[in-house]
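Chemist: As input, take coords-v3.txt (compact mmCIF, C-alpha atoms):
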# COMPACT_ATOMS: atom_id res chain seq x y z
CA MET U 1 67.61 22.56 307.18
CA ILE U 2 63.95 23.56 307.26
CA SER U 3 61.73 23.19 304.23
CA ILE U 4 58.42 25.05 304.02
CA GLY U 5 56.06 23.54 301.46
CA MET U 6 53.22 25.70 300.17
CA ASP U 7 50.29 24.32 298.21
CA VAL U 8 48.96 27.46 296.57
CA SER U 9 45.37 27.81 295.36
CA LYS U 10 43.10 30.71 294.52
CA GLY U 11 43.05 33.14 297.42
CA LYS U 12 44.67 30.83 300.00
CA SER U 13 47.59 28.49 300.60
CA THR U 14 48.23 25.46 302.76
CA VAL U 15 51.62 25.52 304.50
CA CYS U 16 53.64 22.64 305.98
CA VAL U 17 56.99 22.98 307.80
CA ARG U 18 59.46 20.08 307.91
CA ARG U 19 62.94 19.68 309.34
CA HIS U 20 65.80 17.60 307.94
CA GLY U 21 64.92 13.95 308.46
CA GLY U 22 61.22 14.42 307.73
CA GLU U 23 60.18 15.72 311.17
CA ILE U 24 57.09 17.91 310.96
CA LEU U 25 57.71 21.10 312.89
CA ARG U 26 54.21 22.40 312.29
CA GLU U 27 51.15 20.62 311.01
CA PRO U 28 49.71 21.92 307.73
CA PHE U 29 47.69 25.10 308.20
CA ASP U 30 45.81 27.46 305.89
CA LEU U 31 46.49 31.14 305.31
CA GLN U 32 44.66 33.67 303.19
CA HIS U 33 46.42 35.83 300.61
CA THR U 34 45.94 38.99 302.66
CA ASP U 35 48.42 41.49 304.09
CA GLU U 36 47.78 40.32 307.64
CA ASP U 37 48.30 36.60 306.97
CA LEU U 38 51.31 37.09 304.69
CA ASP U 39 52.96 39.41 307.22
CA ALA U 40 52.41 36.76 309.89
CA LEU U 41 53.98 34.16 307.58
CA CYS U 42 57.04 36.37 307.01
CA ASP U 43 57.46 36.83 310.77
CA PHE U 44 57.14 33.08 311.29
CA ILE U 45 59.80 32.34 308.65
CA ALA U 46 62.10 34.99 310.13
CA ASP U 47 61.86 33.31 313.55
CA LEU U 48 62.71 29.92 312.03
CA SER U 49 65.68 31.41 310.17
CA GLN U 50 67.36 32.19 313.48
CA GLU U 51 67.84 28.50 314.28
CA ALA U 52 68.42 26.97 310.79
CA GLU U 53 68.46 27.72 307.07
CA VAL U 54 64.94 27.98 305.68
CA ARG U 55 63.82 27.45 302.10
CA VAL U 56 60.29 27.92 300.79
CA VAL U 57 59.06 25.66 297.98
CA MET U 58 55.89 26.18 295.94
CA GLU U 59 54.48 25.10 292.59
CA ALA U 60 54.05 27.40 289.61
CA THR U 61 50.28 27.91 289.38
CA GLY U 62 50.06 30.47 286.59
CA ILE U 63 48.97 33.58 288.53
CA TYR U 64 47.71 32.40 291.94
CA HIS U 65 51.18 32.02 293.48
CA LEU U 66 52.37 35.48 292.39
CA PRO U 67 51.13 37.49 295.45
CA VAL U 68 52.81 35.08 297.89
CA LEU U 69 55.98 34.90 295.78
CA MET U 70 56.30 38.68 295.54
CA ARG U 71 55.79 39.19 299.28
CA LEU U 72 58.33 36.51 300.26
CA LYS U 73 60.95 37.81 297.81
CA GLU U 74 60.46 41.36 299.09
CA ALA U 75 61.20 39.99 302.56
CA GLY U 76 64.43 38.46 301.24
CA PHE U 77 63.62 34.75 301.68
CA PHE U 78 64.81 31.84 299.55
CA VAL U 79 61.86 30.77 297.38
CA CYS U 80 61.95 27.96 294.81
CA VAL U 81 59.15 27.82 292.24
CA VAL U 82 58.86 24.26 290.93
CA ASN U 83 57.44 23.11 287.62
CA PRO U 84 54.11 21.35 288.34
CA LEU U 85 55.12 18.41 286.12
CA VAL U 86 58.24 17.83 288.22
CA MET U 87 56.18 17.88 291.40
CA LYS U 88 53.59 15.56 289.90
CA LYS U 89 56.24 12.98 289.08
CA PHE U 90 57.72 13.31 292.56
CA SER U 91 54.28 12.79 294.14
CA ALA U 92 53.70 9.71 291.95
CA GLN U 93 56.27 7.80 294.02
CA SER U 94 53.49 7.00 296.47
CA ILE U 95 51.30 3.97 295.71
CA ARG U 96 48.17 5.43 297.29
CA ARG U 97 46.33 8.02 295.21
CA GLY U 98 44.83 10.20 297.92
CA LYS U 99 45.03 13.94 297.35
CA ASN U 100 44.12 17.03 299.34
CA ASP U 101 45.74 20.35 300.20
CA ARG U 102 47.33 19.04 303.42
CA ARG U 103 48.95 16.08 301.69
CA ASP U 104 50.13 18.24 298.81
CA ALA U 105 51.77 20.70 301.22
CA MET U 106 53.54 17.84 303.00
CA LYS U 107 54.78 16.40 299.70
CA ILE U 108 56.07 19.79 298.58
CA ALA U 109 57.94 20.20 301.87
CA SER U 110 59.42 16.70 301.44
CA PHE U 111 60.48 17.64 297.90
CA GLY U 112 62.36 20.62 299.31
CA LEU U 113 64.29 18.41 301.73
CA GLU U 114 65.11 15.72 299.20
CA LYS U 115 66.18 18.19 296.48
CA TRP U 116 67.74 20.67 298.92
CA PHE U 117 71.06 21.10 297.16
CA SER U 118 69.54 21.41 293.67
CA LEU U 119 66.86 23.97 294.53
CA GLU U 120 67.10 27.23 292.57
CA ASP U 121 66.19 30.52 294.19
CA PHE U 122 63.63 32.41 292.14
CA THR U 123 65.17 35.40 290.36
CA PRO U 124 62.71 38.03 289.15
CA SER U 125 63.21 39.07 285.54
CA GLN U 126 63.33 42.65 284.35
CA HIS U 127 59.98 44.40 284.57
CA ILE U 128 59.94 45.06 280.82
CA TYR U 129 60.12 41.33 280.05
CA ASP U 130 57.24 40.63 282.43
CA GLU U 131 55.13 43.30 280.74
CA LEU U 132 56.00 41.95 277.30
CA ARG U 133 55.05 38.44 278.32
CA LEU U 134 51.72 39.60 279.74
CA LEU U 135 50.96 41.65 276.63
CA GLY U 136 51.98 38.74 274.40
CA ARG U 137 49.60 36.35 276.14
CA GLN U 138 46.78 38.90 275.94
CA TYR U 139 47.53 39.50 272.27
CA MET U 140 47.21 35.79 271.48
CA HIS U 141 43.95 35.70 273.45
CA TYR U 142 42.54 38.52 271.33
CA VAL U 143 43.75 36.81 268.16
CA THR U 144 41.88 33.66 269.19
CA VAL U 145 38.71 35.70 269.79
CA LYS U 146 39.24 37.44 266.46
CA ILE U 147 39.37 34.11 264.63
CA SER U 148 36.13 33.09 266.34
CA CYS U 149 34.50 36.36 265.26
CA LYS U 150 35.68 35.80 261.68
CA GLN U 151 34.19 32.32 261.66
CA ASN U 152 30.90 33.66 263.00
CA LEU U 153 30.77 36.36 260.31
CA SER U 154 31.65 33.80 257.63
CA CYS U 155 28.74 31.61 258.70
CA LEU U 156 26.35 34.56 258.55
CA LEU U 157 27.64 35.58 255.11
CA GLU U 158 26.98 32.09 253.80
CA ARG U 159 23.34 32.60 254.80
CA THR U 160 22.93 36.15 253.54
CA MET U 161 25.55 36.67 250.80
CA PRO U 162 26.94 33.27 249.76
CA GLY U 163 30.04 33.54 247.58
CA ILE U 164 30.86 37.16 248.42
CA SER U 165 34.04 36.23 250.31
CA SER U 166 35.64 34.90 247.13
CA LEU U 167 34.86 38.09 245.20
CA LEU U 168 36.17 40.73 247.60
CA GLU U 169 39.51 40.93 249.37
CA SER U 170 39.71 40.86 253.14
CA ASN U 171 42.48 42.21 255.37
CA HIS U 172 44.56 39.20 256.47
CA THR U 173 47.48 41.14 257.96
CA GLY U 174 45.98 41.29 261.43
CA THR U 175 46.17 45.08 261.54
CA ALA U 176 43.28 47.48 262.06
CA GLY U 177 43.45 48.94 258.55
CA LYS U 178 40.81 49.09 255.85
CA ASP U 179 38.97 45.91 254.94
CA LYS U 180 37.06 45.94 251.65
CA LEU U 181 34.91 42.91 252.46
CA LEU U 182 33.80 44.28 255.84
CA ASP U 183 33.05 47.73 254.42
CA PHE U 184 31.04 46.19 251.59
CA VAL U 185 29.02 43.98 253.95
CA ALA U 186 28.39 46.95 256.24
CA GLN U 187 26.87 48.82 253.26
CA TYR U 188 24.77 46.07 251.65
CA TRP U 189 24.62 43.22 254.29
CA HIS U 190 22.22 41.12 252.11
CA TYR U 191 21.94 40.22 248.43
CA ASP U 192 18.33 41.45 248.39
CA ASN U 193 19.69 44.99 248.85
CA ILE U 194 21.60 44.50 245.59
CA THR U 195 19.02 42.66 243.49
CA CYS U 196 16.35 45.26 244.29
CA MET U 197 18.33 47.60 242.01
CA SER U 198 18.95 47.31 238.30
CA GLN U 199 22.44 46.42 237.15
CA LYS U 200 23.14 49.97 236.00
CA ALA U 201 21.90 51.44 239.26
CA PHE U 202 24.04 49.03 241.27
CA LEU U 203 27.13 49.83 239.20
CA ASN U 204 26.66 53.54 239.86
CA HIS U 205 25.99 52.93 243.55
CA TYR U 206 29.02 50.62 243.87
CA HIS U 207 31.20 53.20 242.08
CA ARG U 208 30.22 55.93 244.54
CA TRP U 209 30.81 53.55 247.48
CA ALA U 210 34.29 52.57 246.25
CA ARG U 211 35.28 56.21 245.71
CA LYS U 212 34.00 57.19 249.16
CA HIS U 213 36.01 54.48 250.96
CA GLY U 214 39.12 54.87 248.81
CA TYR U 215 38.95 51.55 246.92
CA TYR U 216 39.79 50.94 243.27
CA TYR U 217 36.65 50.67 241.16
CA SER U 218 36.41 47.74 238.76
CA GLU U 219 33.33 47.50 236.60
CA HIS U 220 34.07 43.84 235.89
CA LYS U 221 34.16 43.12 239.63
CA ALA U 222 30.88 44.98 240.17
CA ILE U 223 29.17 42.99 237.39
CA SER U 224 30.44 39.74 238.94
CA ILE U 225 28.98 40.71 242.31
CA TYR U 226 25.62 41.58 240.75
CA GLU U 227 25.44 38.32 238.78
CA THR U 228 26.37 36.31 241.85
CA ALA U 229 23.65 38.07 243.84
CA LEU U 230 21.07 37.18 241.17
CA GLN U 231 22.02 33.48 241.14
CA ALA U 232 22.59 32.97 244.88
CA ILE U 233 19.97 31.56 247.24
CA PRO U 234 20.24 33.22 250.69
CA SER U 235 18.89 31.03 253.49
CA LEU U 236 18.31 33.96 255.84
CA PRO U 237 15.68 36.45 254.58
CA ALA U 238 16.45 40.16 254.53
CA ASN U 239 13.03 41.08 255.94
CA SER U 240 13.65 39.08 259.13
CA CYS U 241 13.92 41.26 262.22
CA CYS U 242 17.17 39.64 263.33
CA THR U 243 19.13 39.52 260.05
CA ARG U 244 20.42 43.07 259.97
CA LEU U 245 20.98 43.09 263.74
CA LEU U 246 23.15 39.95 263.59
CA MET U 247 25.19 41.25 260.65
CA GLU U 248 25.80 44.61 262.31
CA ARG U 249 26.81 43.03 265.64
CA ALA U 250 29.12 40.54 263.92
CA LEU U 251 30.85 43.32 261.99
CA HIS U 252 31.12 45.52 265.08
CA SER U 253 32.61 42.71 267.19
CA LEU U 254 35.19 41.81 264.55
CA ARG U 255 36.29 45.42 264.07
CA GLU U 256 36.50 46.10 267.80
CA ILE U 257 38.54 43.00 268.54
CA THR U 258 40.85 43.80 265.61
CA GLN U 259 41.48 47.28 266.97
CA ASP U 260 42.13 45.91 270.46
CA ALA U 261 44.65 43.37 269.15
CA ALA U 262 46.38 46.07 267.09
CA ALA U 263 46.62 48.35 270.15
CA ILE U 264 48.21 45.60 272.23
CA LEU U 265 50.65 44.80 269.44
CA GLN U 266 51.60 48.48 269.20
CA ALA U 267 52.32 48.55 272.94
CA MET U 268 54.46 45.41 272.56
CA GLN U 269 56.47 47.01 269.77
CA GLU U 270 57.09 50.16 271.82
CA LEU U 271 58.30 48.10 274.79
CA ALA U 272 60.43 45.75 272.72
CA GLN U 273 62.20 48.65 271.01
CA GLN U 274 63.63 49.64 274.40
CA LEU U 275 65.57 46.36 274.63
CA PRO U 276 69.08 46.01 273.15
CA GLU U 277 68.20 42.84 271.26
CA TYR U 278 65.23 44.25 269.34
CA GLY U 279 67.29 45.46 266.37
CA ILE U 280 69.07 42.10 266.14
CA VAL U 281 65.84 40.09 266.28
CA ARG U 282 64.11 42.41 263.81
CA SER U 283 66.96 42.00 261.31
CA MET U 284 66.70 38.19 261.26
CA GLU U 285 65.22 36.69 258.10
CA GLY U 286 61.51 35.92 258.39
CA VAL U 287 60.98 38.16 261.42
CA GLY U 288 58.92 41.31 260.92
CA ASP U 289 57.33 43.99 263.07
CA VAL U 290 54.68 41.57 264.37
CA LEU U 291 56.83 38.52 265.08
CA ALA U 292 59.81 40.35 266.62
CA PRO U 293 58.06 41.55 269.82
CA ARG U 294 56.20 38.25 270.11
CA LEU U 295 59.48 36.31 269.99
CA ILE U 296 61.10 38.51 272.63
CA ALA U 297 57.99 38.30 274.81
CA GLU U 298 57.95 34.49 274.82
CA ILE U 299 61.71 33.95 275.15
CA GLY U 300 62.30 36.71 277.66
CA ASP U 301 65.79 37.48 278.95
CA ILE U 302 68.16 35.27 276.95
CA ARG U 303 70.68 35.30 279.83
CA ARG U 304 68.54 32.92 281.86
CA PHE U 305 69.35 30.08 279.42
CA HIS U 306 72.74 28.47 279.95
CA SER U 307 73.00 27.13 276.38
CA PRO U 308 71.18 27.02 273.03
CA SER U 309 69.93 23.54 273.91
CA ALA U 310 68.15 24.97 276.96
CA LEU U 311 66.31 27.44 274.72
CA VAL U 312 65.36 24.64 272.31
CA ALA U 313 64.09 22.57 275.25
CA TYR U 314 62.11 25.57 276.53
CA ALA U 315 60.34 25.68 273.16
CA GLY U 316 59.57 21.96 273.43
CA ILE U 317 61.11 21.03 270.07
CA ASP U 318 63.93 18.90 271.47
CA SER U 319 63.95 15.12 270.86
CA PRO U 320 65.00 13.27 274.02
CA GLU U 321 66.82 10.02 273.38
CA PHE U 322 65.03 6.73 274.03
CA GLN U 323 67.36 3.81 274.70
CA SER U 324 67.17 0.68 276.81
CA GLY U 325 69.63 -2.21 276.70
CA SER U 326 70.47 -2.96 273.10
CA PHE U 327 67.50 -0.98 271.80
CA ALA U 328 67.94 2.59 270.58
CA ALA U 329 65.13 4.46 268.83
CA ASN U 330 66.10 5.91 265.46
CA THR U 331 63.06 8.17 265.00
CA ARG U 332 61.79 10.31 267.88
CA HIS U 333 59.10 12.93 268.23
CA ILE U 334 59.64 16.36 269.71
CA SER U 335 58.85 16.57 273.40
CA LYS U 336 56.28 19.43 273.19
CA ARG U 337 57.02 20.10 276.87
CA GLY U 338 57.59 23.79 276.70
CA SER U 339 56.02 27.03 275.61
CA SER U 340 53.38 26.25 272.99
CA LEU U 341 53.15 29.94 272.06
CA LEU U 342 56.89 30.05 271.37
CA ARG U 343 56.54 27.01 269.10
CA LYS U 344 53.65 28.68 267.31
CA THR U 345 55.60 31.92 266.84
CA CYS U 346 58.69 30.09 265.51
CA TYR U 347 56.48 28.09 263.15
CA GLU U 348 55.07 31.35 261.77
CA VAL U 349 58.64 32.51 261.16
CA MET U 350 59.28 29.34 259.14
CA GLN U 351 56.08 29.92 257.16
CA SER U 352 57.21 33.47 256.44
CA LEU U 353 60.55 32.21 255.12
CA LYS U 354 58.84 29.68 252.87
CA ARG U 355 56.30 32.23 251.66
CA VAL U 356 58.86 34.83 250.57
CA ARG U 357 61.45 32.20 249.53
CA CYS U 358 64.34 33.95 251.24
CA GLU U 359 67.21 32.37 249.29
CA GLU U 360 69.94 34.12 251.30
CA SER U 361 68.66 32.71 254.59
CA PRO U 362 70.63 29.69 255.90
CA ILE U 363 67.50 28.51 257.71
CA TYR U 364 65.51 28.49 254.46
CA GLN U 365 68.30 26.56 252.72
CA TYR U 366 68.38 24.13 255.65
CA MET U 367 64.63 23.46 255.32
CA LEU U 368 65.02 22.86 251.58
CA LYS U 369 67.86 20.45 252.30
CA LYS U 370 65.67 18.47 254.73
CA GLU U 371 62.83 18.33 252.21
CA GLN U 372 65.22 17.04 249.55
CA GLU U 373 66.28 14.31 251.98
CA GLY U 374 62.69 13.11 252.00
CA LYS U 375 61.48 14.77 255.19
CA HIS U 376 57.90 15.91 255.45
CA LYS U 377 57.44 19.67 255.08
CA LYS U 378 56.35 20.07 258.70
CA VAL U 379 59.30 18.01 259.91
CA ALA U 380 61.61 20.22 257.85
CA LYS U 381 60.06 23.33 259.41
CA VAL U 382 60.58 21.96 262.92
CA ALA U 383 64.23 21.31 262.05
CA GLY U 384 64.41 24.91 260.82
CA MET U 385 62.90 26.11 264.10
CA ASN U 386 65.65 24.32 265.98
CA LYS U 387 68.33 25.99 263.87
CA PHE U 388 66.59 29.37 264.13
CA LEU U 389 66.55 29.29 267.94
CA ARG U 390 70.23 28.39 268.08
CA ILE U 391 71.07 31.32 265.81
CA TYR U 392 68.78 33.56 267.88
CA TYR U 393 70.62 32.54 271.06
CA ALA U 394 74.06 33.24 269.59
CA ARG U 395 73.17 36.64 268.12
CA VAL U 396 71.18 37.97 271.07
CA LYS U 397 73.64 36.68 273.68
CA ALA U 398 76.44 38.53 271.88
CA CYS U 399 74.76 41.91 272.41
CA TYR U 400 75.14 41.67 276.21
CA PRO U 401 78.36 42.39 278.17
CA LEU U 402 80.80 39.55 278.78
CA GLU U 403 80.00 39.38 282.49
CA PHE U 404 76.59 38.07 281.54
CA GLY U 405 78.05 35.57 279.11
CA HIS U 406 77.87 31.81 278.96
CA LYS U 407 77.02 30.66 282.45
CA LYS U 408 75.38 27.44 283.53
CA SER U 409 72.67 28.54 285.90
CA GLY U 410 70.79 25.27 286.05
CA PHE U 411 67.73 26.99 284.66
CA THR U 412 64.60 24.87 284.72
CA PRO U 413 61.85 26.25 282.46
CA GLN U 414 58.70 27.27 284.33
CA PHE U 415 55.78 26.96 281.97
CA ALA U 416 52.79 29.16 282.66
CA SER U 417 49.36 27.63 282.26
Would you mind writing the structure in this file as structure tokens?

Modeler:
Amino acid sequence: MISIGMDVSKGKSTVCVRRHGGEILREPFDLQHTDEDLDALCDFIADLSQEAEVRVVMEATGIYHLPVLMRLKEAGFFVCVVNPLVMKKFSAQSIRRGKNDRRDAMKIASFGLEKWFSLEDFTPSQHIYDELRLLGRQYMHYVTVKISCKQNLSCLLERTMPGISSLLESNHTGTAGKDKLLDFVAQYWHYDNITCMSQKAFLNHYHRWARKHGYYYSEHKAISIYETALQAIPSLPANSCCTRLLMERALHSLREITQDAAAILQAMQELAQQLPEYGIVRSMEGVGDVLAPRLIAEIGDIRRFHSPSALVAYAGIDSPEFQSGSFAANTRHISKRGSSLLRKTCYEVMQSLKRVRCEESPIYQYMLKKEQEGKHKKVAKVAGMNKFLRIYYARVKACYPLEFGHKKSGFTPQFAS
């Protein structure tokens, strides 16, 4: 048995080769993530494979290990990608706290020898699931930037048009549709542009603006806006050289990022519709056109989970038991060691169920039951998330052929950073 431990970093890796018994066949050495070095590594592993079984072990590093992993799998080698938390706990067995790339490579190689019979060969998922996952992560990144842009615009509005946000509706659906508040701010951008007109002139101007952009005209709403503009005290003057520039840039950034997020979501929907489980996931209570592709993107191929409990653990909402001697904990917190984006998506599903009060949903009834038992609303939602994932597993697993049915694969979740 020969274990090759690879400590992967950005652009390079440190490799250590160990034989059964801990003997170091080759001292740790560095290689660059280039065609020449990776080809030399494949030739080296092929030579070792002629005298003994070889297994390569590396940590999941988010994206840095992907070039090495893809090249080794194309060459047909056994490669095990280990959760960094598992490797960290294994390395903690040593009393001394020294750390460098050479030591890490040696520890990874030792891990491969010690866990030889429990190592799992990396199995690439379908390309469509990889694309969905990448798009899903990018979508959440753009949503985060969009929230930051909204906060920035809100701060500017409090300095130029305080109180306007409570008078006009904004688009909260996350789509790139019309937004009355943004269109209004783009037209007027400061209360001084309203108060410089008489009330009658503003009403006529507001009426023409509403008709041009396709909004319903309300004279009562227009009077409220004018009265608010008269009473408000803007802290940023309209005649400042930077006021209009900042407002225009804030509006432009928010609209651009909203369009980008909507385009990514559209691509996710088109990809997800090609999968057999899309119709099943879309038909579940609380799951709409936005949440369905996000759920599939984060969960991926359901066949890689050997049971519903594995899916629950992957989401990090399981409650591991805590018992020692005669002590057994009665109340336990969820582990939160899993995909945080999957937890967030499932929580949004629970919020959707509570918002629409879906009486025919067993998950909604289950949350109400937990609340009646005295559970906090968030605790009840987490319990509903657990039940939702178990139902998701059963329904989606049933849409695949029997040969891909219930099979314990020993799947260990690999959480991307």

Chemist: What does the distance from atom CA of U:Phe202 to atom CA of U:Leu251 come to in Å, to one decimal?

Modeler: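 Between atom CA of U:Phe202 and atom CA of U:Leu251 the gap works out to 22.5 Å.
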
Chemist: So that I can see what lies close to U:Ile108, please list as a CSV table (one decimal) with C-alpha atoms, in the coordinates of the input the residues with an atom at most 8 Å from it, counting all atoms listed in the file and leaving out residues fewer than 2 positions away in the same chain.

Modeler:
chain,number,residue,atom,x,y,z
U,4,ILE,CA,58.4,25.0,304.0
U,5,GLY,CA,56.1,23.5,301.5
U,6,MET,CA,53.2,25.7,300.2
U,7,ASP,CA,50.3,24.3,298.2
U,57,VAL,CA,59.1,25.7,298.0
U,58,MET,CA,55.9,26.2,295.9
U,87,MET,CA,56.2,17.9,291.4
U,104,ASP,CA,50.1,18.2,298.8
U,105,ALA,CA,51.8,20.7,301.2
U,106,MET,CA,53.5,17.8,303.0
U,110,SER,CA,59.4,16.7,301.4
U,111,PHE,CA,60.5,17.6,297.9
U,112,GLY,CA,62.4,20.6,299.3

Chemist: Record the distance separating atom CA of U:Glu158 and atom CA of U:Ser235, expressed in Å with one decimal.

Modeler: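 Going from atom CA of U:Glu158 over to atom CA of U:Ser235, I get 8.2 Å.
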
Chemist: Rank nothing, just name the residue among U:Phe305, U:Tyr215, U:Phe184, U:Tyr400 nearest to U:Pro276, using all atoms listed in the file.

Modeler: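 Nearest candidate to U:Pro276 out of U:Phe305, U:Tyr215, U:Phe184, U:Tyr400: U:Tyr400.
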
Chemist: Please produce, as a tab-separated table, a per-residue contact table for stretch 94-166 of chain U versus stretch 74-86 of chain U (criterion: any atom at most 8 Å away, all atoms listed in the file considered), showing the nearest atom pair and its distance in Å to one decimal, sorted by chain then residue number.

Modeler:
residue	atom	partner	partner_atom	distance
U:Leu119	CA	U:Cys80	CA	6.3
U:Glu120	CA	U:Cys80	CA	5.7
U:Asp121	CA	U:Cys80	CA	5.0
U:Phe122	CA	U:Cys80	CA	5.5

Chemist: Show me, as a list in words, the residues that have an atom within 10 Å of stretch 360-362 of chain U when counting all atoms listed in the file, minus same-chain residues fewer than 3 positions from it.

Modeler: Met284, Glu285, Gly286, Leu353, Arg357, Gln365, Tyr366, Met367, Leu368, Gly384, Lys387 and Phe388 of chain U

Chemist: Tell me, as a list of chain:residue names, which residues lie within 12 Å of U:Glu248, counting only C-alpha atoms; anything in the same chain fewer than 6 positions away does not count.

Modeler: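 In the requested format, the answer is U:Leu153, U:Leu156, U:Leu157, U:Leu182, U:Asp183, U:Val185, U:Ala186, U:Gln187, U:Tyr188, U:Trp189, U:His190, U:Cys242, U:Leu254, U:Arg255.
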
Chemist: Those residues with C-alpha atoms, as an mmCIF file, keeping the file's coordinate frame please?

Modeler:
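Output below, filename selection_27.cif:
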data_model
loop_
_atom_site.group_PDB
_atom_site.id
_atom_site.type_symbol
_atom_site.label_atom_id
_atom_site.label_comp_id
_atom_site.auth_asym_id
_atom_site.auth_seq_id
_atom_site.Cartn_x
_atom_site.Cartn_y
_atom_site.Cartn_z
ATOM 1 C CA LEU U 153 30.770 36.360 260.310
ATOM 2 C CA LEU U 156 26.350 34.560 258.550
ATOM 3 C CA LEU U 157 27.640 35.580 255.110
ATOM 4 C CA LEU U 182 33.800 44.280 255.840
ATOM 5 C CA ASP U 183 33.050 47.730 254.420
ATOM 6 C CA VAL U 185 29.020 43.980 253.950
ATOM 7 C CA ALA U 186 28.390 46.950 256.240
ATOM 8 C CA GLN U 187 26.870 48.820 253.260
ATOM 9 C CA TYR U 188 24.770 46.070 251.650
ATOM 10 C CA TRP U 189 24.620 43.220 254.290
ATOM 11 C CA HIS U 190 22.220 41.120 252.110
ATOM 12 C CA CYS U 242 17.170 39.640 263.330
ATOM 13 C CA LEU U 254 35.190 41.810 264.550
ATOM 14 C CA ARG U 255 36.290 45.420 264.070
#

Chemist: Using all atoms listed in the file, which protein or nucleic acid residues come within 10 Å of U:Leu48? Drop anything in the same chain fewer than 5 positions from it, and give the result as a list in words.

Modeler: Ile2, Val17, Cys42, Asp43, Glu53 and Val54 of chain U

Chemist: Can those selected residues be exported to a file as a compact mmCIF listing (two decimals), in the coordinates of the input so that it contains C-alpha atoms?

Modeler:
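again38.txt was written with the following content:
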# COMPACT_ATOMS: atom_id res chain seq x y z
CA ILE U 2 63.95 23.56 307.26
CA VAL U 17 56.99 22.98 307.80
CA CYS U 42 57.04 36.37 307.01
CA ASP U 43 57.46 36.83 310.77
CA GLU U 53 68.46 27.72 307.07
CA VAL U 54 64.94 27.98 305.68

Chemist: Could you check how far atom CA of U:Lys99 sits from atom CA of U:Met70, in Å to one decimal?

Modeler: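 Distance between the two atoms: 27.2 Å.
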
Chemist: Just the residues within 8 Å of U:Leu342, please, counting only C-alpha atoms, with nothing from its chain fewer than 5 positions along; format it as a ChimeraX atom specification.

Modeler: /U:295,298-299,315

Chemist: Here is a test: counting only C-alpha atoms, which residue of U:His220, U:His333, U:His65, U:Lys354 is nearest to U:Val379?

Modeler: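 Checking each of U:His220, U:His333, U:His65, U:Lys354 against U:Val379, counting only C-alpha atoms, the winner is U:His333.
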
Chemist: In file coordinates, which residues lie within 10 Å of (55.9, 36.1, 257.5) using only C-alpha atoms, given as a PDB file with C-alpha atoms, in the frame of the given file?

Modeler:
ATOM      1  CA  THR U 173      47.480  41.140 257.960  1.00  0.00           C
ATOM      2  CA  GLU U 285      65.220  36.690 258.100  1.00  0.00           C
ATOM      3  CA  GLY U 286      61.510  35.920 258.390  1.00  0.00           C
ATOM      4  CA  VAL U 287      60.980  38.160 261.420  1.00  0.00           C
ATOM      5  CA  GLY U 288      58.920  41.310 260.920  1.00  0.00           C
ATOM      6  CA  ASP U 289      57.330  43.990 263.070  1.00  0.00           C
ATOM      7  CA  VAL U 290      54.680  41.570 264.370  1.00  0.00           C
ATOM      8  CA  LEU U 291      56.830  38.520 265.080  1.00  0.00           C
ATOM      9  CA  TYR U 347      56.480  28.090 263.150  1.00  0.00           C
ATOM     10  CA  GLU U 348      55.070  31.350 261.770  1.00  0.00           C
ATOM     11  CA  VAL U 349      58.640  32.510 261.160  1.00  0.00           C
ATOM     12  CA  MET U 350      59.280  29.340 259.140  1.00  0.00           C
ATOM     13  CA  GLN U 351      56.080  29.920 257.160  1.00  0.00           C
ATOM     14  CA  SER U 352      57.210  33.470 256.440  1.00  0.00           C
ATOM     15  CA  LEU U 353      60.550  32.210 255.120  1.00  0.00           C
ATOM     16  CA  LYS U 354      58.840  29.680 252.870  1.00  0.00           C
ATOM     17  CA  ARG U 355      56.300  32.230 251.660  1.00  0.00           C
ATOM     18  CA  VAL U 356      58.860  34.830 250.570  1.00  0.00           C
TER      19      VAL U 356
END

Chemist: Of the residues U:Val8, U:Val281, U:Met140, U:Phe29, which is the one nearest to U:Thr61, using only C-alpha atoms?

Modeler: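 Of the candidates, the smallest distance to U:Thr61 is held by U:Val8.
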
Chemist: Counting only C-alpha atoms, which residue out of U:Ser170, U:Glu27, U:Cys149, U:Ile63 sits closest to U:Arg103?

Modeler: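 Selected residue with least distance to U:Arg103: U:Glu27.
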
Chemist: Draw an axis-aligned box tight on the listed atoms of stretch 372-379 of chain U, then pad every side by 5 Å and write out centre and edge lengths in Å to one decimal as JSON.

Modeler:
{"center_x": 61.3, "center_y": 16.6, "center_z": 254.7, "size_x": 19.9, "size_y": 17.0, "size_z": 20.4}

Chemist: Using only C-alpha atoms - which residues lie no farther than 12 Å from the point (47.9, 32.2, 289.4) in the file's frame? Write them as a PyMOL selection string.

Modeler: chain U and resi 8-13+33+58-69+416-417

Chemist: So, counting all atoms listed in the file, which residue among U:Pro234, U:Gly279, U:Pro28, U:Pro320 is closest to U:Gly163?

Modeler: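 So, comparing all the options, the nearest one is U:Pro234.
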